[in-house]
$ cat upload-v6.cif   # mmCIF, C-alpha atoms
data_protein
#
loop_
_atom_site.label_atom_id
_atom_site.label_comp_id
_atom_site.auth_asym_id
_atom_site.auth_seq_id
_atom_site.Cartn_x
_atom_site.Cartn_y
_atom_site.Cartn_z
CA MET A 1 6.85 -3.75 -17.19
CA THR A 2 4.93 -1.60 -14.70
CA TRP A 3 1.99 -3.55 -13.29
CA GLY A 4 0.24 -0.40 -12.04
CA ILE A 5 -0.12 1.00 -15.56
CA LEU A 6 -1.23 -2.31 -17.04
CA LEU A 7 -3.59 -2.97 -14.16
CA SER A 8 -5.20 0.38 -14.90
CA ALA A 9 -5.77 -0.74 -18.49
CA ILE A 10 -7.05 -4.22 -17.78
CA LEU A 11 -9.42 -3.32 -14.96
CA VAL A 12 -10.94 -0.42 -16.88
CA LYS A 13 -10.81 -1.30 -20.60
CA ASN A 14 -11.47 -5.03 -20.54
CA SER A 15 -15.15 -5.41 -19.71
CA SER A 16 -14.77 -9.07 -18.76
CA THR A 17 -12.32 -8.19 -16.00
CA ARG A 18 -13.51 -4.74 -15.11
CA TYR A 19 -13.21 -3.47 -11.55
CA SER A 20 -16.08 -1.04 -11.22
CA ARG A 21 -14.07 1.65 -9.44
CA GLY A 22 -11.17 1.53 -11.88
CA PHE A 23 -7.51 1.65 -10.91
CA SER A 24 -5.01 4.50 -10.66
CA HIS A 25 -1.47 3.87 -9.46
CA ASN A 26 -1.17 7.14 -7.52
CA GLU A 27 -4.52 6.60 -5.80
CA GLN A 28 -3.46 3.03 -5.01
CA SER A 29 -0.27 4.39 -3.43
CA LEU A 30 -2.40 6.54 -1.14
CA ARG A 31 -4.62 3.57 -0.35
CA VAL A 32 -1.54 1.58 0.68
CA VAL A 33 -0.38 4.13 3.25
CA ASP A 34 -3.90 4.97 4.47
CA LEU A 35 -5.48 1.53 4.69
CA LEU A 36 -3.14 -1.35 3.90
CA GLU A 37 0.14 -0.70 5.71
CA ASN A 38 0.67 -1.51 9.37
CA ASN A 39 -1.60 -4.58 9.28
CA GLY A 40 -4.52 -2.64 7.90
CA ARG A 41 -4.26 0.26 10.34
CA GLY A 42 -2.47 2.59 7.92
CA LEU A 43 0.27 5.08 8.64
CA ASN A 44 -0.07 8.34 10.53
CA LEU A 45 1.06 10.64 7.71
CA THR A 46 0.48 14.37 7.41
CA TRP A 47 -1.93 15.81 4.88
CA GLU A 48 1.00 17.31 2.99
CA VAL A 49 2.73 13.93 2.55
CA ARG A 50 -0.52 12.29 1.47
CA ASN A 51 -1.13 15.09 -1.03
CA GLY A 52 2.34 14.54 -2.44
CA ILE A 53 1.67 10.83 -2.88
CA VAL A 54 -1.62 11.27 -4.70
CA SER A 55 -0.49 14.22 -6.85
CA HIS A 56 1.96 12.38 -9.12
CA SER A 57 0.67 10.67 -12.23
CA LYS A 58 2.04 9.61 -15.60
CA SER A 59 -0.25 10.62 -18.44
CA ALA A 60 -0.38 10.92 -22.22
CA THR A 61 -1.21 14.59 -21.73
CA GLY A 62 1.39 17.20 -20.82
CA MET A 63 2.85 16.10 -17.51
CA LEU A 64 4.04 19.60 -16.65
CA GLU A 65 0.65 21.27 -16.97
CA ASN A 66 -1.45 22.81 -14.19
CA TRP A 67 1.13 22.48 -11.43
CA GLY A 68 -0.55 25.26 -9.49
CA LYS A 69 -3.51 22.91 -8.90
CA VAL A 70 -1.42 20.60 -6.69
CA GLY A 71 -2.42 21.26 -3.09
CA THR A 72 1.00 21.91 -1.53
CA LEU A 73 4.59 22.74 -2.32
CA GLU A 74 5.42 19.23 -1.11
CA GLY A 75 3.04 17.88 -3.74
CA GLU A 76 4.71 19.99 -6.41
CA VAL A 77 8.13 18.63 -5.40
CA VAL A 78 6.86 15.05 -5.70
CA ARG A 79 5.21 15.69 -9.05
CA ILE A 80 8.22 17.34 -10.66
CA SER A 81 10.58 14.74 -9.15
CA ASP A 82 8.42 11.97 -10.60
CA ALA A 83 8.61 13.62 -14.04
CA VAL A 84 12.41 13.92 -13.88
CA ALA A 85 12.77 10.34 -12.69
CA TYR A 86 10.44 8.57 -15.09
CA VAL A 87 11.59 10.38 -18.24
CA ASN A 88 15.24 9.55 -17.60
CA HIS A 89 14.54 6.03 -16.30
CA ASP A 90 12.40 5.16 -19.33
CA ILE A 91 15.01 6.51 -21.76
CA ASP A 92 17.64 4.28 -20.15
CA ASP A 93 15.34 1.25 -20.22
CA ALA A 94 14.48 1.81 -23.88
CA VAL A 95 18.15 2.16 -24.85
CA ARG A 96 19.11 -1.01 -22.95
CA ALA A 97 16.22 -2.90 -24.59
CA GLY A 98 17.32 -1.75 -28.04
CA VAL A 99 14.02 0.02 -28.72
CA ILE A 100 15.88 3.31 -29.34
CA ALA A 101 19.49 4.47 -29.48
CA ALA A 102 20.84 7.31 -27.39
CA THR A 103 21.50 9.20 -30.63
CA ASP A 104 17.76 9.09 -31.46
CA LEU A 105 16.83 11.61 -28.77
CA PRO A 106 15.53 14.93 -30.12
CA GLN A 107 18.46 17.26 -30.71
CA ALA A 108 16.54 20.27 -29.41
CA ALA A 109 16.23 18.58 -26.00
CA VAL A 110 19.82 17.31 -26.04
CA ASN A 111 21.13 20.81 -26.71
CA ILE A 112 19.50 22.07 -23.52
CA LEU A 113 19.71 19.04 -21.20
CA GLY A 114 22.80 17.16 -22.39
CA ASN A 115 23.56 13.75 -23.89
CA SER A 116 23.81 11.47 -20.86
CA ARG A 117 21.40 10.57 -18.07
CA SER A 118 23.57 12.32 -15.46
CA GLU A 119 23.73 15.48 -17.59
CA ARG A 120 19.96 15.51 -18.11
CA ILE A 121 19.13 14.94 -14.44
CA ASN A 122 21.67 17.54 -13.32
CA ALA A 123 20.29 20.09 -15.77
CA MET A 124 16.69 19.48 -14.68
CA VAL A 125 17.36 19.45 -10.94
CA ALA A 126 19.62 22.52 -11.05
CA ASP A 127 16.98 24.37 -13.07
CA VAL A 128 14.25 23.44 -10.58
CA ILE A 129 16.36 24.70 -7.66
CA THR A 130 17.16 27.99 -9.40
CA SER A 131 13.61 28.55 -10.64
CA SER A 132 11.98 27.68 -7.31
CA TRP A 133 14.21 29.73 -5.02
CA ALA A 134 11.43 32.22 -4.39
CA VAL A 135 9.45 29.72 -2.33
CA ARG A 136 11.85 30.46 0.56
CA ARG A 137 10.53 34.00 0.91
CA PRO A 138 7.45 34.39 -1.30
CA GLU A 139 6.40 37.91 -2.18
CA PRO A 140 3.05 38.94 -0.70
CA LEU A 141 1.23 39.01 -4.05
CA ALA A 142 3.08 36.11 -5.70
CA GLN A 143 2.07 32.47 -5.77
CA PRO A 144 5.18 30.43 -4.87
CA ALA A 145 5.66 27.30 -6.95
CA VAL A 146 8.16 24.56 -7.64
CA ARG A 147 8.88 24.90 -11.35
CA MET A 148 11.33 24.76 -14.23
CA THR A 149 12.23 27.55 -16.62
CA PRO A 150 10.21 27.56 -19.87
CA ALA A 151 13.22 26.32 -21.88
CA VAL A 152 13.88 23.29 -19.62
CA THR A 153 10.15 22.61 -19.31
CA GLU A 154 9.85 22.47 -23.10
CA ALA A 155 12.95 20.27 -23.43
CA THR A 156 11.55 17.84 -20.82
CA GLU A 157 8.18 17.83 -22.54
CA THR A 158 9.92 17.14 -25.86
CA LEU A 159 11.50 14.02 -24.34
CA ARG A 160 8.16 12.93 -22.91
CA ARG A 161 6.47 13.25 -26.32
CA PHE A 162 9.37 11.37 -27.92
CA LEU A 163 8.90 8.49 -25.45
CA PHE A 164 5.19 8.21 -26.17
CA GLN A 165 5.78 8.25 -29.93
CA ASN A 166 8.83 5.99 -30.10
CA VAL A 167 8.76 3.78 -26.99
CA TYR A 168 5.38 3.39 -25.30
CA ASN A 169 3.37 3.10 -28.51
CA VAL A 170 5.69 1.07 -30.76
CA GLN A 171 4.45 -2.35 -31.84
CA ALA A 172 7.17 -4.40 -30.10
CA VAL A 173 6.42 -2.77 -26.77
CA ARG A 174 2.70 -3.21 -27.31
CA ARG A 175 3.19 -6.94 -27.89
CA LYS A 176 5.11 -7.20 -24.64
CA ALA A 177 2.39 -5.23 -22.88
CA LEU A 178 -0.24 -7.61 -24.24
CA GLY A 179 1.67 -10.52 -22.73
CA ALA A 180 1.85 -8.78 -19.37
CA ARG A 181 -1.83 -7.88 -19.60
CA SER A 182 -2.61 -11.55 -20.15
CA VAL A 183 -0.78 -12.36 -16.90
CA LEU A 184 -2.85 -9.81 -15.00
CA ASP A 185 -6.04 -10.99 -16.64
CA ARG A 186 -5.40 -14.58 -15.52
CA LEU A 187 -4.60 -13.50 -11.97
CA TYR A 188 -7.64 -11.26 -11.68
CA ARG A 189 -10.02 -13.90 -13.04
CA TYR A 190 -8.50 -16.62 -10.86
CA TYR A 191 -8.76 -14.80 -7.55
CA LEU A 192 -12.26 -13.56 -8.31
CA GLN A 193 -13.21 -17.22 -8.70
CA TYR A 194 -11.15 -18.48 -5.73
CA PRO A 195 -11.06 -15.60 -3.21
CA GLU A 196 -10.38 -18.06 -0.39
CA GLU A 197 -6.85 -18.40 -1.78
CA LEU A 198 -6.04 -14.73 -1.24
CA PRO A 199 -3.47 -14.13 1.52
CA ALA A 200 -5.04 -13.63 4.94
CA ASP A 201 -3.49 -10.17 5.34
CA ILE A 202 -5.31 -8.81 2.26
CA ASN A 203 -8.18 -7.19 4.12
CA GLY A 204 -11.47 -5.75 2.90
CA ALA A 205 -15.10 -6.62 2.47
CA GLU A 206 -15.25 -6.44 -1.32
CA THR A 207 -13.61 -9.35 -3.14
CA ALA A 208 -12.75 -7.40 -6.29
CA ARG A 209 -11.05 -4.71 -4.21
CA ARG A 210 -9.00 -7.31 -2.34
CA VAL A 211 -7.96 -8.93 -5.61
CA ALA A 212 -6.86 -5.59 -7.06
CA ASP A 213 -4.88 -4.78 -3.91
CA TYR A 214 -3.13 -8.14 -4.03
CA ILE A 215 -2.17 -7.90 -7.71
CA ALA A 216 -1.01 -4.31 -7.28
CA SER A 217 1.40 -5.43 -4.56
CA MET A 218 3.16 -7.95 -6.82
CA THR A 219 6.52 -7.53 -8.53
CA ASP A 220 6.80 -8.31 -12.24
CA GLN A 221 8.55 -11.65 -11.82
CA TYR A 222 6.34 -12.84 -8.97
CA ALA A 223 3.16 -12.10 -10.95
CA ALA A 224 4.46 -13.94 -14.01
CA ARG A 225 5.54 -16.97 -11.94
CA LEU A 226 2.26 -17.08 -10.05
CA ALA A 227 0.19 -16.88 -13.24
CA ARG A 228 2.11 -19.82 -14.72
CA LYS A 229 1.70 -21.81 -11.51
CA LEU A 230 -2.05 -21.18 -11.30
CA THR A 231 -2.49 -22.08 -14.95
CA ARG A 232 -0.84 -25.45 -14.35
CA THR A 233 -2.75 -26.25 -11.18
CA ARG A 234 -6.26 -25.33 -12.34
#

$ encode --input "upload-v6.cif" --output "structure tokens"
Amino acid sequence: MTWGILLSAILVKNSSTRYSRGFSHNEQSLRVVDLLENNGRGLNLTWEVRNGIVSHSKSATGMLENWGKVGTLEGEVVRISDAVAYVNHDIDDAVRAGVIAATDLPQAAVNILGNSRSERINAMVADVITSSWAVRRPEPLAQPAVRMTPAVTEATETLRRFLFQNVYNVQAVRRKALGARSVLDRLYRYYLQYPEELPADINGAETARRVADYIASMTDQYAARLARKLTRTR
């Protein structure tokens, strides 16, 4: 389970544990490199790298829309790489968990991208390279962009829609998400009540912000173990 996605839900949708500024995993990633790394001094990254970090986001809307609005070519590379990675990673996870079978994937997408993970990734990456070659020497009146061909874009979007319909929104996954959300809810409430127990290296003036930063830094297993431990001790 991805804590960043669930943290977004719990801090925004649950009024009893709402963090007033909300939570977005890509914005949190930028916060980490700007303000939290290097003992609170941040990293000396270029604007292009920072734009790439903040430009990727997983959404229920079309993930391949409006790429021209990303600030740099570097940002476009990160965004399209994130799309390729998460679609294929989540398919593999869903197959291993028994939520779907590999044969359930939409045939229209399989015909274009292939049956296996390696075939899909190779097809997507090769298509991006071929379609984006013009960025090396852009024509004076053209807007260079990192892109896929319309056919591969549609096949990738078909897989994304399939995941939302058959993996992310199915009841079994929702039940698991509710359990994970309960873990985050307990952690958030606990550290709001006992901020003195936050690690010393979690800096910041606002308690709620420090709590969100701390929870966002946790791995799945660590958060689950810590929630059980705090429940027993308090």

$ residues_around --input "upload-v6.cif" --residues "A:Val49" --least-positions-apart "4" --cutoff "8 Å" --atoms "all atoms listed in the file" --output "list of chain:residue names"
A:Leu45, A:Ile53, A:Glu74, A:Gly75

$ write_last_selection --input "upload-v6.cif" --atoms "C-alpha atoms" --output "compact mmCIF listing (two decimals), in the coordinates of the input"
# COMPACT_ATOMS: atom_id res chain seq x y z
CA LEU A 45 1.06 10.64 7.71
CA ILE A 53 1.67 10.83 -2.88
CA GLU A 74 5.42 19.23 -1.11
CA GLY A 75 3.04 17.88 -3.74

$ closest_residue --input "upload-v6.cif" --among "A:Leu36, A:Ile112, A:Leu178, A:Leu184" --to "A:Pro150" --atoms "only C-alpha atoms"
A:Ile112

$ atom_distance --input "upload-v6.cif" --atom1 "atom CA of A:Met148" --atom2 "atom CA of A:Thr72"
16.6 Å

$ closest_residue --input "upload-v6.cif" --among "A:Leu113, A:Ala145, A:Ala134, A:Val87" --to "A:Leu159" --atoms "all atoms listed in the file"
A:Val87

$ resolve_selection --input "upload-v6.cif" --expression "the PyMOL selection byres ((chain A and resi 55) around 9)" --output "PDB file with C-alpha atoms, in the frame of the given file"
ATOM      1  CA  ASN A  26      -1.170   7.140  -7.520  1.00  0.00           C
ATOM      2  CA  GLU A  27      -4.520   6.600  -5.800  1.00  0.00           C
ATOM      3  CA  ARG A  50      -0.520  12.290   1.470  1.00  0.00           C
ATOM      4  CA  ASN A  51      -1.130  15.090  -1.030  1.00  0.00           C
ATOM      5  CA  GLY A  52       2.340  14.540  -2.440  1.00  0.00           C
ATOM      6  CA  ILE A  53       1.670  10.830  -2.880  1.00  0.00           C
ATOM      7  CA  VAL A  54      -1.620  11.270  -4.700  1.00  0.00           C
ATOM      8  CA  HIS A  56       1.960  12.380  -9.120  1.00  0.00           C
ATOM      9  CA  SER A  57       0.670  10.670 -12.230  1.00  0.00           C
ATOM     10  CA  VAL A  70      -1.420  20.600  -6.690  1.00  0.00           C
ATOM     11  CA  GLY A  71      -2.420  21.260  -3.090  1.00  0.00           C
ATOM     12  CA  GLY A  75       3.040  17.880  -3.740  1.00  0.00           C
ATOM     13  CA  GLU A  76       4.710  19.990  -6.410  1.00  0.00           C
ATOM     14  CA  VAL A  78       6.860  15.050  -5.700  1.00  0.00           C
ATOM     15  CA  ARG A  79       5.210  15.690  -9.050  1.00  0.00           C
TER      16      ARG A  79
END

$ closest_residue --input "upload-v6.cif" --among "A:Val33, A:Ala212, A:Leu73, A:Ala83" --to "A:Glu48" --atoms "only C-alpha atoms"
A:Leu73

$ closest_atom_pairs --input "upload-v6.cif" --of "stretch 95-189 of chain A" --to "stretch 222-229 of chain A" --cutoff "7 Å" --atoms "only C-alpha atoms" --output "CSV"
residue,atom,partner,partner_atom,distance
A:Val183,CA,A:Ala227,CA,5.9
A:Arg186,CA,A:Ala227,CA,6.5
A:Leu187,CA,A:Ala227,CA,6.0

$ write_last_selection --input "upload-v6.cif" --atoms "C-alpha atoms" --output "PDB file, in the coordinates of the input"
ATOM      1  CA  VAL A 183      -0.780 -12.360 -16.900  1.00  0.00           C
ATOM      2  CA  ARG A 186      -5.400 -14.580 -15.520  1.00  0.00           C
ATOM      3  CA  LEU A 187      -4.600 -13.500 -11.970  1.00  0.00           C
TER       4      LEU A 187
END

$ decode --input "upload-v6.cif" --residues "stretch 216-233 of chain A" --atoms "N, CA and C atoms" --output "short mmCIF file (atom, residue, chain, number, x, y, z; two decimals), in the first residue's frame"
data_model
loop_
_atom_site.label_atom_id
_atom_site.label_comp_id
_atom_site.auth_asym_id
_atom_site.auth_seq_id
_atom_site.Cartn_x
_atom_site.Cartn_y
_atom_site.Cartn_z
N ALA A 216 4.80 10.63 6.35
CA ALA A 216 5.12 10.47 4.93
C ALA A 216 6.47 9.80 4.72
N SER A 217 7.34 9.86 5.71
CA SER A 217 8.67 9.26 5.57
C SER A 217 8.68 7.76 5.90
N MET A 218 7.57 7.24 6.41
CA MET A 218 7.54 5.86 6.89
C MET A 218 7.34 4.86 5.75
N THR A 219 7.92 3.68 5.91
CA THR A 219 7.59 2.56 5.03
C THR A 219 6.30 1.92 5.53
N ASP A 220 5.70 1.08 4.67
CA ASP A 220 4.44 0.42 5.03
C ASP A 220 4.57 -0.36 6.34
N GLN A 221 5.57 -1.24 6.41
CA GLN A 221 5.70 -2.13 7.56
C GLN A 221 6.03 -1.36 8.83
N TYR A 222 6.87 -0.35 8.72
CA TYR A 222 7.22 0.44 9.90
C TYR A 222 5.99 1.15 10.45
N ALA A 223 5.18 1.74 9.57
CA ALA A 223 3.98 2.45 10.02
C ALA A 223 3.01 1.50 10.71
N ALA A 224 2.83 0.31 10.15
CA ALA A 224 1.91 -0.66 10.75
C ALA A 224 2.42 -1.11 12.12
N ARG A 225 3.73 -1.39 12.21
CA ARG A 225 4.30 -1.81 13.50
C ARG A 225 4.19 -0.71 14.55
N LEU A 226 4.48 0.51 14.13
CA LEU A 226 4.45 1.63 15.08
C LEU A 226 3.04 1.88 15.57
N ALA A 227 2.05 1.79 14.69
CA ALA A 227 0.66 2.00 15.10
C ALA A 227 0.23 0.95 16.12
N ARG A 228 0.64 -0.30 15.91
CA ARG A 228 0.31 -1.35 16.89
C ARG A 228 0.99 -1.08 18.23
N LYS A 229 2.25 -0.65 18.16
CA LYS A 229 3.00 -0.39 19.39
C LYS A 229 2.36 0.76 20.17
N LEU A 230 2.00 1.83 19.49
CA LEU A 230 1.43 2.98 20.17
C LEU A 230 0.06 2.66 20.75
N THR A 231 -0.68 1.80 20.05
CA THR A 231 -1.99 1.40 20.55
C THR A 231 -1.86 0.62 21.85
N ARG A 232 -0.82 -0.21 21.95
CA ARG A 232 -0.62 -1.00 23.17
C ARG A 232 -0.13 -0.15 24.34
N THR A 233 0.66 0.87 24.04
CA THR A 233 1.31 1.63 25.11
C THR A 233 0.47 2.80 25.61
#
